[in-house]
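Colleague: Quick one, model27.json (JSON, C-alpha atoms and all ligand atoms):
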```json
[["chain", "number", "residue", "atom", "x", "y", "z"],
["A", 1, "MET", "CA", -6.78, 15.92, 9.97],
["A", 2, "THR", "CA", -6.06, 13.27, 7.36],
["A", 3, "SER", "CA", -2.94, 13.43, 5.21],
["A", 4, "ARG", "CA", -3.43, 14.60, 1.63],
["A", 5, "SER", "CA", -2.24, 12.05, -0.92],
["A", 6, "ALA", "CA", 0.87, 12.50, -3.07],
["A", 7, "GLU", "CA", 0.44, 13.72, -6.61],
["A", 8, "ARG", "CA", 0.24, 11.36, -9.58],
["A", 9, "LEU", "CA", 1.33, 12.02, -13.15],
["A", 10, "LEU", "CA", -0.98, 12.02, -16.10],
["A", 11, "PRO", "CA", 0.19, 9.62, -18.83],
["A", 12, "SER", "CA", 2.41, 10.92, -21.61],
["A", 13, "ARG", "CA", 0.55, 12.86, -24.31],
["A", 14, "ARG", "CA", 2.30, 10.82, -27.00],
["A", 15, "SER", "CA", 3.00, 7.14, -26.24],
["A", 16, "ALA", "CA", 4.24, 5.08, -23.35],
["A", 17, "ASP", "CA", 7.59, 4.83, -25.15],
["A", 18, "ALA", "CA", 8.05, 8.56, -25.68],
["A", 19, "PRO", "CA", 10.13, 10.39, -23.07],
["A", 20, "TYR", "CA", 7.97, 12.21, -20.53],
["A", 21, "ARG", "CA", 8.55, 15.94, -21.04],
["A", 22, "ILE", "CA", 8.56, 18.17, -17.99],
["A", 23, "ALA", "CA", 8.92, 21.95, -18.10],
["A", 24, "VAL", "CA", 9.72, 24.01, -15.00],
["A", 25, "VAL", "CA", 8.89, 27.71, -15.23],
["A", 26, "CYS", "CA", 9.74, 30.78, -13.13],
["A", 27, "LEU", "CA", 10.02, 34.50, -13.90],
["A", 28, "GLY", "CA", 13.59, 35.09, -15.07],
["A", 29, "ASN", "CA", 14.90, 31.53, -15.71],
["A", 30, "ILE", "CA", 18.15, 32.36, -13.94],
["A", 31, "CYS", "CA", 17.36, 31.21, -10.35],
["A", 32, "ARG", "CA", 14.55, 28.82, -9.42],
["A", 33, "SER", "CA", 13.58, 26.97, -12.61],
["A", 34, "PRO", "CA", 17.18, 26.34, -13.73],
["A", 35, "MET", "CA", 17.96, 24.99, -10.27],
["A", 36, "ALA", "CA", 14.93, 22.71, -10.57],
["A", 37, "GLU", "CA", 15.96, 21.66, -14.10],
["A", 38, "VAL", "CA", 19.50, 20.75, -13.04],
["A", 39, "VAL", "CA", 18.46, 18.88, -9.88],
["A", 40, "LEU", "CA", 15.55, 17.03, -11.48],
["A", 41, "THR", "CA", 17.64, 16.06, -14.52],
["A", 42, "GLU", "CA", 20.37, 14.69, -12.25],
["A", 43, "LYS", "CA", 17.92, 12.73, -10.09],
["A", 44, "ILE", "CA", 16.31, 11.30, -13.23],
["A", 45, "ARG", "CA", 19.76, 10.24, -14.46],
["A", 46, "ARG", "CA", 20.62, 8.62, -11.11],
["A", 47, "ALA", "CA", 17.32, 6.70, -11.22],
["A", 48, "SER", "CA", 18.25, 5.36, -14.71],
["A", 49, "LEU", "CA", 15.23, 7.15, -16.17],
["A", 50, "ALA", "CA", 17.11, 9.44, -18.57],
["A", 51, "THR", "CA", 15.61, 7.77, -21.62],
["A", 52, "ARG", "CA", 12.13, 8.01, -20.10],
["A", 53, "ALA", "CA", 11.98, 11.64, -18.97],
["A", 54, "THR", "CA", 13.43, 14.97, -20.01],
["A", 55, "VAL", "CA", 13.35, 18.36, -18.30],
["A", 56, "VAL", "CA", 13.44, 21.87, -19.74],
["A", 57, "SER", "CA", 13.09, 25.23, -18.02],
["A", 58, "ALA", "CA", 12.05, 28.74, -18.98],
["A", 59, "GLY", "CA", 11.08, 32.13, -17.61],
["A", 60, "THR", "CA", 7.88, 33.97, -18.43],
["A", 61, "GLY", "CA", 10.00, 37.15, -18.77],
["A", 62, "ASP", "CA", 12.64, 37.87, -21.42],
["A", 63, "TRP", "CA", 15.10, 40.09, -19.48],
["A", 64, "HIS", "CA", 17.77, 37.42, -19.06],
["A", 65, "VAL", "CA", 17.43, 35.41, -22.28],
["A", 66, "GLY", "CA", 20.81, 33.92, -23.24],
["A", 67, "ASN", "CA", 22.35, 34.57, -19.82],
["A", 68, "PRO", "CA", 23.86, 31.91, -17.55],
["A", 69, "MET", "CA", 22.35, 31.08, -14.19],
["A", 70, "ASP", "CA", 22.51, 33.68, -11.40],
["A", 71, "ARG", "CA", 25.93, 33.17, -9.77],
["A", 72, "ARG", "CA", 24.33, 32.53, -6.35],
["A", 73, "ALA", "CA", 22.09, 29.80, -7.81],
["A", 74, "ALA", "CA", 25.09, 28.27, -9.56],
["A", 75, "ALA", "CA", 27.15, 28.43, -6.35],
["A", 76, "ALA", "CA", 24.46, 26.65, -4.32],
["A", 77, "LEU", "CA", 24.20, 23.92, -6.96],
["A", 78, "THR", "CA", 27.97, 23.53, -7.35],
["A", 79, "ALA", "CA", 28.48, 23.31, -3.58],
["A", 80, "ASN", "CA", 26.08, 20.38, -3.58],
["A", 81, "GLY", "CA", 27.68, 18.47, -6.45],
["A", 82, "TYR", "CA", 25.56, 19.62, -9.41],
["A", 83, "ASP", "CA", 26.80, 21.04, -12.73],
["A", 84, "ALA", "CA", 25.31, 24.50, -13.27],
["A", 85, "SER", "CA", 27.56, 25.48, -16.17],
["A", 86, "ASN", "CA", 25.38, 24.61, -19.17],
["A", 87, "HIS", "CA", 22.39, 26.80, -18.48],
["A", 88, "ARG", "CA", 21.33, 29.65, -20.78],
["A", 89, "ALA", "CA", 18.11, 31.45, -19.95],
["A", 90, "THR", "CA", 15.12, 30.89, -22.25],
["A", 91, "GLN", "CA", 11.70, 32.52, -22.43],
["A", 92, "PHE", "CA", 8.62, 30.29, -22.20],
["A", 93, "ASP", "CA", 7.16, 29.39, -25.60],
["A", 94, "SER", "CA", 3.41, 28.72, -25.78],
["A", 95, "ALA", "CA", 4.14, 25.74, -28.06],
["A", 96, "TRP", "CA", 5.32, 23.99, -24.88],
["A", 97, "PHE", "CA", 1.68, 23.73, -23.78],
["A", 98, "GLU", "CA", 1.25, 21.15, -26.54],
["A", 99, "GLU", "CA", 4.74, 19.66, -26.43],
["A", 100, "CYS", "CA", 5.11, 19.02, -22.69],
["A", 101, "ASP", "CA", 3.40, 16.43, -20.53],
["A", 102, "LEU", "CA", 3.72, 18.46, -17.35],
["A", 103, "ILE", "CA", 4.36, 22.19, -16.87],
["A", 104, "LEU", "CA", 5.33, 23.16, -13.34],
["A", 105, "ALA", "CA", 5.15, 26.76, -12.12],
["A", 106, "MET", "CA", 7.50, 27.75, -9.32],
["A", 107, "ASP", "CA", 5.06, 30.23, -7.72],
["A", 108, "GLU", "CA", 1.45, 31.43, -7.97],
["A", 109, "SER", "CA", 2.47, 34.45, -10.00],
["A", 110, "ASN", "CA", 4.21, 32.23, -12.58],
["A", 111, "LEU", "CA", 1.08, 30.03, -12.66],
["A", 112, "SER", "CA", -1.11, 33.06, -13.25],
["A", 113, "ASP", "CA", 1.20, 34.29, -16.05],
["A", 114, "LEU", "CA", 1.15, 30.88, -17.70],
["A", 115, "THR", "CA", -2.63, 30.69, -17.42],
["A", 116, "SER", "CA", -2.98, 34.06, -19.13],
["A", 117, "LEU", "CA", -0.75, 32.80, -21.96],
["A", 118, "GLY", "CA", -3.61, 30.48, -22.87],
["A", 119, "ALA", "CA", -3.10, 27.36, -20.83],
["A", 120, "ALA", "CA", -6.81, 26.63, -20.37],
["A", 121, "SER", "CA", -6.66, 23.72, -22.80],
["A", 122, "VAL", "CA", -3.86, 22.05, -20.83],
["A", 123, "SER", "CA", -4.89, 23.14, -17.34],
["A", 124, "GLU", "CA", -4.70, 19.64, -15.91],
["A", 125, "ARG", "CA", -1.07, 19.43, -17.04],
["A", 126, "LEU", "CA", -0.22, 22.87, -15.65],
["A", 127, "ARG", "CA", 0.61, 22.52, -11.95],
["A", 128, "MET", "CA", 2.59, 24.05, -9.15],
["A", 129, "PHE", "CA", 6.06, 22.49, -8.79],
["A", 130, "ARG", "CA", 5.47, 22.07, -5.05],
["A", 131, "ASP", "CA", 2.26, 20.12, -5.62],
["A", 132, "PHE", "CA", 4.81, 17.29, -5.51],
["A", 133, "ASP", "CA", 6.58, 18.48, -2.34],
["A", 134, "PRO", "CA", 5.92, 15.85, 0.37],
["A", 135, "ARG", "CA", 5.96, 18.60, 3.01],
["A", 136, "VAL", "CA", 2.99, 20.26, 1.37],
["A", 137, "HIS", "CA", 1.14, 16.98, 1.89],
["A", 138, "ASP", "CA", 2.01, 16.66, 5.60],
["A", 139, "ALA", "CA", -1.13, 16.83, 7.69],
["A", 140, "SER", "CA", 0.61, 19.51, 9.79],
["A", 141, "ALA", "CA", 1.66, 21.67, 6.82],
["A", 142, "PRO", "CA", 0.04, 25.07, 6.43],
["A", 143, "VAL", "CA", -2.59, 24.80, 3.72],
["A", 144, "GLY", "CA", -2.21, 27.09, 0.74],
["A", 145, "ASP", "CA", 1.43, 28.09, 0.40],
["A", 146, "ARG", "CA", 2.99, 26.18, -2.50],
["A", 147, "ASP", "CA", 5.40, 28.87, -3.71],
["A", 148, "VAL", "CA", 9.10, 28.35, -4.21],
["A", 149, "PRO", "CA", 10.03, 31.82, -2.94],
["A", 150, "ASP", "CA", 11.85, 34.12, -5.37],
["A", 151, "PRO", "CA", 15.42, 34.45, -4.01],
["A", 152, "TYR", "CA", 16.62, 37.04, -6.55],
["A", 153, "TYR", "CA", 16.42, 40.14, -4.35],
["A", 154, "GLY", "CA", 17.44, 38.38, -1.13],
["A", 155, "GLY", "CA", 20.63, 36.95, 0.36],
["A", 156, "ASP", "CA", 22.57, 33.75, -0.31],
["A", 157, "ASP", "CA", 20.55, 31.78, 2.25],
["A", 158, "GLY", "CA", 17.46, 32.13, 0.06],
["A", 159, "PHE", "CA", 19.17, 29.98, -2.53],
["A", 160, "ASP", "CA", 19.82, 27.25, 0.05],
["A", 161, "THR", "CA", 16.13, 27.33, 0.96],
["A", 162, "VAL", "CA", 15.20, 26.99, -2.72],
["A", 163, "LEU", "CA", 17.66, 24.13, -3.19],
["A", 164, "ALA", "CA", 16.23, 22.19, -0.23],
["A", 165, "MET", "CA", 12.68, 22.58, -1.57],
["A", 166, "VAL", "CA", 13.81, 21.66, -5.07],
["A", 167, "GLU", "CA", 15.73, 18.57, -3.93],
["A", 168, "ARG", "CA", 12.92, 17.01, -1.92],
["A", 169, "THR", "CA", 10.30, 17.91, -4.54],
["A", 170, "ALA", "CA", 12.46, 16.55, -7.39],
["A", 171, "ALA", "CA", 12.90, 13.28, -5.45],
["A", 172, "ALA", "CA", 9.10, 12.98, -5.20],
["A", 173, "ILE", "CA", 8.68, 13.70, -8.92],
["A", 174, "VAL", "CA", 11.16, 10.90, -9.70],
["A", 175, "LEU", "CA", 9.08, 8.54, -7.54],
["A", 176, "ALA", "CA", 6.00, 9.56, -9.53],
["A", 177, "LEU", "CA", 7.89, 8.95, -12.79],
["A", 178, "GLN", "CA", 8.91, 5.49, -11.55],
["A", 179, "ALA", "CA", 5.29, 4.71, -10.69],
["A", 180, "GLU", "CA", 4.20, 5.92, -14.13],
["A", 181, "ALA", "CA", 6.93, 3.83, -15.81],
["A", 182, "ALA", "CA", 5.84, 0.73, -13.86],
["A", 183, "GLN", "CA", 2.29, 1.10, -15.21],
["A", 184, "SER", "CA", 3.28, 1.44, -18.86],
["B", 1, "LIG", "P1", 13.80, 33.52, -11.08],
["B", 1, "LIG", "O1", 14.32, 34.81, -10.28],
["B", 1, "LIG", "O2", 12.41, 33.85, -11.58],
["B", 1, "LIG", "O3", 13.80, 32.47, -10.04],
["B", 1, "LIG", "O4", 14.81, 33.29, -12.19],
["B", 1, "LIG", "C1", 14.31, 36.11, -10.82],
["B", 1, "LIG", "C2", 15.31, 36.49, -11.68],
["B", 1, "LIG", "C3", 15.33, 37.77, -12.19],
["B", 1, "LIG", "C4", 14.33, 38.65, -11.85],
["B", 1, "LIG", "C5", 13.32, 38.27, -10.99],
["B", 1, "LIG", "C6", 13.30, 36.99, -10.47],
["B", 1, "LIG", "N1", 14.37, 39.98, -12.37],
["B", 1, "LIG", "O5", 13.50, 40.78, -11.96],
["B", 1, "LIG", "O6", 15.22, 40.31, -13.19]]
```
Mind converting the file's structure to structure tokens?
Ligand code: 4NP
Modeller:
Amino acid sequence: MTSRSAERLLPSRRSADAPYRIAVVCLGNICRSPMAEVVLTEKIRRASLATRATVVSAGTGDWHVGNPMDRRAAAALTANGYDASNHRATQFDSAWFEECDLILAMDESNLSDLTSLGAASVSERLRMFRDFDPRVHDASAPVGDRDVPDPYYGGDDGFDTVLAMVERTAAAIVLALQAEAAQS
């Protein structure tokens, strides 16, 4: 079997000079997408791309709006050197379909919810977060499963699993941003 190629980014919707806007979206915006926002933002900063790319996160649901990150998500981030203290949960706003260059769903259910919110016009910019996970592109990887599993009802180890997926996927997104920046 041949290896599937890594994902590329579409150009910015605005101009080459405008920061590339990425949104990460899960269900509650207290576990997976805030972890992805914090890790991706930090990797963008370390790559000196902070003026070129910004990250926001949201949940499709409204149950936790205004709340900080789940304490287990925050603990996993803090134990690995990230600052989880600034997060407050937000609900996804359909205006983001027009405002963001890339909208990344953490699982198939989130993708389906986003699609039903009217994403048809931006479908090529609406992707699965793990479309960028290099492991998904390994020739030996099982085809099909691109979910970041929801850790909310599980144990602490689920948050470590999410963090590992998020870290390697965020690193690949930064590589894609660097490739995009080199072309502009
Ligand atoms: P998240 O996890 O979508 O990764 O933030 C969840 C958080 C809360 C709930 C479900 C998933 N909830 O049902 O309240």
Colleague: Neighbours of ligand LIG 1 (chain B) within 8 Å, counting all atoms listed in the file, as an MDAnalysis selection string?
Modeller: chainID A and resid 25:34 59 63:64 70 106 150:153
Colleague: Let me make sure I understand: among A:Val65, A:Cys100, A:Val143, A:Leu77, which one has the smallest atom-to-atom distance to Leu40 (chain A) if we use only C-alpha atoms?
Modeller: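 Ranked by minimum distance to Leu40 (chain A), first place goes to A:Leu77.
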Colleague: At what distance in Å, to one decimal, does CA of Ile173 (chain A) lie from CA of Ala47 (chain A)?
Modeller: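 For CA of Ala47 (chain A) relative to CA of Ile173 (chain A), the distance reads 11.4 Å.
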Colleague: Of the residues A:Ala50, A:Ala58, A:Ala89, A:Ala16, which is the one nearest to Asn110 (chain A), using only C-alpha atoms?
Modeller: A:Ala58
Colleague: Distance CA of Ala171 (chain A)-CA of Tyr82 (chain A), one decimal place?
Modeller: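 It comes out at 14.7 Å.
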Colleague: Which is closest to Glu180 (chain A) among A:Val56, A:Ala141, A:Leu49, A:Leu104, if we use all atoms listed in the file?
Modeller: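 For Glu180 (chain A), the nearest of the given residues is A:Leu49.
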Colleague: Taking all atoms listed in the file into account, which of A:Leu10, A:Ala164, A:Ala182, A:Val174 comes nearest Thr41 (chain A)?
Modeller: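 Ranked by minimum distance to Thr41 (chain A), first place goes to A:Val174.
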Colleague: So what do you get for CA of Gly61 (chain A) versus CA of Gln91 (chain A), distance-wise?
Modeller: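 Distance between the two atoms: 6.1 Å.
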Colleague: Let me have the centre and edge lengths in Å, one decimal, of the box along x, y and z around every listed atom of region 28-41 of chain A with 6 Å of margin on each side, as AutoDock Vina command-line options.
Modeller:
```
--center_x 16.5 --center_y 25.6 --center_z -12.6 --size_x 17.9 --size_y 31.0 --size_z 18.3
```
Colleague: Which one is closest to Ala76 (chain A): A:Ser48, A:Val162, A:Ala181, A:Thr169? Count all atoms listed in the file.
Modeller: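 Closest to Ala76 (chain A) of all the choices is A:Val162.
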Colleague: Nearest to Asp131 (chain A): which of A:Ala95, A:Ala73, A:Ile103, A:Leu117 is it, counting all atoms listed in the file?
Modeller: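 Of the candidates, the smallest distance to Asp131 (chain A) is held by A:Ile103.
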